[in-house]
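What follows is a set of notes on a single structure, which appears directly below.
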Amino acid sequence: MAGPLEGITILDLTWVLSGPYGAMVLCDLGAEVIKVERPPHGDLARTTGPHINGVSGYFMSINRGKKSISIDLAKEEGKELFLRLVEQADVVMENFTPGAMDKLGLGYEALRARNPRIIYSATSGFGQTGPDRLRPALDVVVQGMGGVMSITGHPGGPPTRPGLSLGDIAAGLFTAVGILAALQERERSGEGQMVDISMLDCQIAILENAFMRYFATGNVPGPIGTRHPLATPFQAFPTKDGYLVLALWGGAENQWEMLCALLGTPELIYDERFATNAARTENHAELEPILNEAMRERPTQEWLEEFTNIGIPCGPLNTIPQAAEHPQVRAREMLVEVEHPVAGTLSLSNTPVRLSRTPGGIKGPSPAIGQHSDELLRELLGIESAELSRLRESDVIL
């Protein structure tokens with residue numbers, strides 16, 4: 001079945017991760033995403049490993065289902081082709097340094113003059129305004145500047161980067177949200193607008209708890225391992241054969257008492273240091289060694305069964321292979337095998353957005369650079385074969 005964004009055409013000039021991830025989200029939901037790449041090499045992500053039969057698995061994971069057209073936007077003919085495509089499109093996405101598209105004569109105002117309904121999203125390290133707007137930024141830079149790395153890791157340890165590109169992924173998700181909001185507003189006004197997304201802004205936005213705690217208490221948040229700053233116990237614990245994650249939140253009735261009984265530590269129930277969630281959080285340094293020692297007495301699966309039987313939220317601490325094989329992940333079809341004509345079969349993460357009537361999903365593999373140039377220029381602009389041959393010979397398209 002068609003996804004909810006069927007009929008929406010996106011010209012995707014983005015590269016590497018933040019922009020392509022946002023475009024992928026929209027592609028999975030049914031939009032036709034046309035990746036506009038500069039010949040001869042295209043998106044830098046195509047060079048990023050691991051490679052399978054010469055095809056970048058990295059590129060494939062975030063560009064699946066898209067089409068590729070390769071146009072040299074530095075050439076006047078290439079610019080005009082792109083502007084004609086803009087007239088047929090709903091959205092243009094880019095994640096260059098602010099001003100780069102204006103230098104090409106293809107900034108928002110130029111595109112809006114050709115298509116007043118166009119929605120133009122610009123994702124950058126620091127946004128279109130402010131003193132740092134022209135600074136380059138990659139994922140780890142905004143994670144560091146935004147404070148994420150200062151609260152990640154264990155007390156006394158060095159600054160730690162989370163095990164994913166949170167700076168890029170958060171910006172990609174907010175880019176998709178901004179585009180969807182602008183599309184909805186266009187239904188009322190009939191006009192497009194510009195969506196300005198800063199990677200640093202997104203890091204601040206997702207740290208709402210840390211900033212709230214700082215301004216409310218004056219205390220500077222720091223790294224606390226797997227613990228939660230406001231709830232205890234709420235972390236990973238060692239077991240006889242691994243780790244499990246257990247979470248008690250707030251005043252859930254009798255959960256603390258039931259946990260103490262199962263662990264064989266009933267004396268903790270009557271200890272004033274641990275009588276409430278706030279008290280346990282304040283005295284976590286005294287409580288954690290006691291819970292660690294009790295948890296080590298039995299293997300992970302035994303504890304999981306015991307905790308689940310009495311309704312205590314818990315789960316295994318899985319490796320990536322274990323998560324891939326988890327029955328819940330498989331039942332929800334969150335990893336889908338995608339067949340690429342060169343790379344072969346590769347399992348990719350599916351969209352987590354499940355709609356009852358217009359479900360989305362992965363449309364297919366990532367495209368080769370310029371794979372759909374002729375097809376799209378014929379369909380969208382009516383360009384004939386002879387003219388396509390001339391444009392190729394002139395290196396305007398690939």
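Order determines the names: the first chain of the structure tokens is A, the second B, and so forth; residues in each chain are numbered 1 upward, and ligands are numbered 1 upward as they are shown.
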
TODO: Identify, with DSSP run on backbone atoms, the residues in region 276-338 of chain A assigned to alpha helix (DSSP H), and express the list as a PyMOL selection string.
DONE: chain A and resi 277-282+284-295+300-309+320-325+327-331

Selection from above, C-alpha atoms, as a PDB file, in the first residue's frame, can you write it?
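Writing done, so here's selection.pdb:
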ATOM      1  CA  ASN A 277      12.646   7.231  45.413  1.00  0.00           C
ATOM      2  CA  ALA A 278      14.146  10.615  46.319  1.00  0.00           C
ATOM      3  CA  ALA A 279      15.977   9.076  49.283  1.00  0.00           C
ATOM      4  CA  ARG A 280      17.297   6.196  47.189  1.00  0.00           C
ATOM      5  CA  THR A 281      18.538   8.627  44.550  1.00  0.00           C
ATOM      6  CA  GLU A 282      20.240  10.792  47.156  1.00  0.00           C
ATOM      7  CA  HIS A 284      22.579   5.768  45.555  1.00  0.00           C
ATOM      8  CA  ALA A 285      26.283   5.428  46.413  1.00  0.00           C
ATOM      9  CA  GLU A 286      25.378   3.350  49.468  1.00  0.00           C
ATOM     10  CA  LEU A 287      22.564   1.428  47.755  1.00  0.00           C
ATOM     11  CA  GLU A 288      24.211   0.470  44.484  1.00  0.00           C
ATOM     12  CA  PRO A 289      26.872  -1.901  45.905  1.00  0.00           C
ATOM     13  CA  ILE A 290      24.202  -3.749  47.878  1.00  0.00           C
ATOM     14  CA  LEU A 291      22.013  -4.233  44.800  1.00  0.00           C
ATOM     15  CA  ASN A 292      25.018  -5.215  42.661  1.00  0.00           C
ATOM     16  CA  GLU A 293      26.007  -7.936  45.114  1.00  0.00           C
ATOM     17  CA  ALA A 294      22.470  -9.332  45.253  1.00  0.00           C
ATOM     18  CA  MET A 295      22.036  -9.286  41.457  1.00  0.00           C
ATOM     19  CA  THR A 300      20.155 -12.787  33.823  1.00  0.00           C
ATOM     20  CA  GLN A 301      17.305 -14.951  32.513  1.00  0.00           C
ATOM     21  CA  GLU A 302      16.254 -16.052  35.986  1.00  0.00           C
ATOM     22  CA  TRP A 303      16.065 -12.488  37.214  1.00  0.00           C
ATOM     23  CA  LEU A 304      14.143 -11.395  34.112  1.00  0.00           C
ATOM     24  CA  GLU A 305      11.518 -14.058  34.689  1.00  0.00           C
ATOM     25  CA  GLU A 306      11.191 -13.179  38.381  1.00  0.00           C
ATOM     26  CA  PHE A 307      10.914  -9.423  37.781  1.00  0.00           C
ATOM     27  CA  THR A 308       8.530  -9.808  34.866  1.00  0.00           C
ATOM     28  CA  ASN A 309       6.205 -12.019  36.917  1.00  0.00           C
ATOM     29  CA  ILE A 320      23.840  -5.737  18.639  1.00  0.00           C
ATOM     30  CA  PRO A 321      23.626  -9.388  17.435  1.00  0.00           C
ATOM     31  CA  GLN A 322      21.388 -10.264  20.391  1.00  0.00           C
ATOM     32  CA  ALA A 323      19.115  -7.282  19.706  1.00  0.00           C
ATOM     33  CA  ALA A 324      18.902  -8.316  16.049  1.00  0.00           C
ATOM     34  CA  GLU A 325      17.673 -11.764  17.057  1.00  0.00           C
ATOM     35  CA  PRO A 327      11.803 -12.093  19.267  1.00  0.00           C
ATOM     36  CA  GLN A 328      10.117  -8.698  19.730  1.00  0.00           C
ATOM     37  CA  VAL A 329      12.396  -7.046  17.165  1.00  0.00           C
ATOM     38  CA  ARG A 330      11.738  -9.863  14.705  1.00  0.00           C
ATOM     39  CA  ALA A 331       7.976  -9.853  15.333  1.00  0.00           C
TER      40      ALA A 331
END

TODO: Write out as a ChimeraX atom specification the residues lying within 12 Å of Ser165 (chain A), counting only C-alpha atoms and excluding same-chain residues fewer than 4 positions away.
DONE: /A:16-18,21,138-144,148-149,161,169-172,199,203

Task: Residue nearest Leu111 (chain A) among A:Leu348, A:Leu73, A:Leu134, A:Val86 (counting only C-alpha atoms) - done: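 Between A:Leu348, A:Leu73, A:Leu134, A:Val86, the residue approaching Leu111 (chain A) most closely is A:Val86.
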
Region 68-185 of chain A near region 1-10 of chain A within 10 Å: what's each residue's closest atom pair and its distance in Å to one decimal, counting only C-alpha atoms, ordered by chain then ascending residue number, as CSV?
residue,atom,partner,partner_atom,distance
A:Leu85,CA,A:Thr9,CA,9.9
A:Val86,CA,A:Ile10,CA,9.0
A:Gln88,CA,A:Thr9,CA,7.8
A:Ala89,CA,A:Thr9,CA,5.1
A:Asp90,CA,A:Thr9,CA,5.3
A:Val91,CA,A:Ile10,CA,4.7
A:Val92,CA,A:Ile10,CA,5.8
A:Met93,CA,A:Ile10,CA,7.3
A:Ile118,CA,A:Ile10,CA,9.8
A:Ile119,CA,A:Ile10,CA,9.3
A:Tyr120,CA,A:Ile10,CA,9.8
A:Leu180,CA,A:Leu5,CA,9.4
A:Leu183,CA,A:Ile8,CA,9.3

Please identify every residue of region 30-77 of chain A that has at least one atom no farther than 7 Å from an atom of region 394-398 of chain A, counting only C-alpha atoms, and for each give the shortest atom pair and the distance in Å to one decimal, arranged by chain then increasing number, as CSV.
residue,atom,partner,partner_atom,distance
A:Pro39,CA,A:Leu398,CA,6.2
A:Ser70,CA,A:Leu398,CA,5.2
A:Ile71,CA,A:Ile397,CA,4.5
A:Asp72,CA,A:Val396,CA,5.2
A:Lys75,CA,A:Val396,CA,6.8
A:Glu77,CA,A:Val396,CA,6.8

Could you turn the residues from that selection into a file that holds N, CA and C atoms, as a tab-separated table (two decimals), in the first residue's frame?
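Once everything was written out, this is result29.tsv:
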chain	number	residue	atom	x	y	z
A	39	PRO	N	28.20	15.18	-10.16
A	39	PRO	CA	29.11	14.24	-10.83
A	39	PRO	C	30.57	14.66	-10.58
A	70	SER	N	22.11	12.88	-11.24
A	70	SER	CA	23.41	13.53	-11.09
A	70	SER	C	23.47	14.73	-12.03
A	71	ILE	N	23.51	15.93	-11.43
A	71	ILE	CA	23.53	17.18	-12.19
A	71	ILE	C	24.66	18.05	-11.67
A	72	ASP	N	25.41	18.65	-12.56
A	72	ASP	CA	26.47	19.59	-12.17
A	72	ASP	C	25.84	20.97	-12.00
A	75	LYS	N	27.32	24.34	-13.48
A	75	LYS	CA	27.11	24.73	-14.88
A	75	LYS	C	25.75	25.40	-15.02
A	77	GLU	N	23.58	25.30	-17.42
A	77	GLU	CA	22.55	24.37	-17.87
A	77	GLU	C	22.09	23.46	-16.73

Task: Distance query region 223-234 of chain A at most 10 Å, only C-alpha atoms, self and fewer than 4 positions along chain excluded, as a ChimeraX atom specification - done: /A:148-160,209-210,213,245-251,256,259,274,276-284,287-288,291,313-314

- [ ] Enter the distance from CA of Lys240 (chain A) to CA of Ile312 (chain A), in Å, rounded to one decimal.
- [x] 19.4 Å

- [ ] Point out the residue among A:Gly382, A:Gly311, A:Gly42, A:Gly65 with the least atom-to-atom distance to Asn350 (chain A), counting only C-alpha atoms.
- [x]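 Nearest to Asn350 (chain A): A:Gly65.
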
Task: Gln371 (chain A) environment, 9 Å, only C-alpha atoms, sequence neighbours closer than 4 positions dropped, as a PyMOL selection string - done: chain A and resi 67-70+367+375+398

Open item on the list: Need to verify the contact set: Gly344 (chain A), 9 Å, only C-alpha atoms, exclusion of same-chain residues closer than 6 positions in sequence. Can you return it as JSON, numbers by chain?
Closed with: {"A": [52, 53, 338]}

Open item on the list: Based on the backbone DSSP call, show me all residues of region 131-197 of chain A assigned strand (DSSP E or B), as a list in words.
Closed with: Met194, Val195, Asp196 and Ile197 of chain A

Go ahead and save the residues from that selection, with C-alpha atoms, as a tab-separated table (two decimals), in the first residue's frame.
chain	number	residue	atom	x	y	z
A	194	MET	CA	12.16	27.74	4.89
A	195	VAL	CA	12.97	25.23	7.62
A	196	ASP	CA	16.18	26.15	9.48
A	197	ILE	CA	17.63	23.29	11.57

- [ ] Give me, please, the distance in Å between CA of Ile362 (chain A) and CA of Leu200 (chain A), quoted to one decimal.
- [x]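 Value for the CA of Ile362 (chain A)-CA of Leu200 (chain A) distance: 29.2 Å.
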
Open item on the list: Could you tell me how far CA of Gly364 (chain A) sits from CA of Arg64 (chain A), in Å to one decimal place?
Closed with: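 Separating CA of Arg64 (chain A) from CA of Gly364 (chain A) is a distance of 5.8 Å.
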
Task: Contacts of Thr319 (chain A) at 12 Å (only C-alpha atoms; same-chain gap of 6+ positions) as a list of chain:residue names - done: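 The residues that qualify are A:Gly242, A:Tyr243, A:Leu244, A:Glu325, A:His326.
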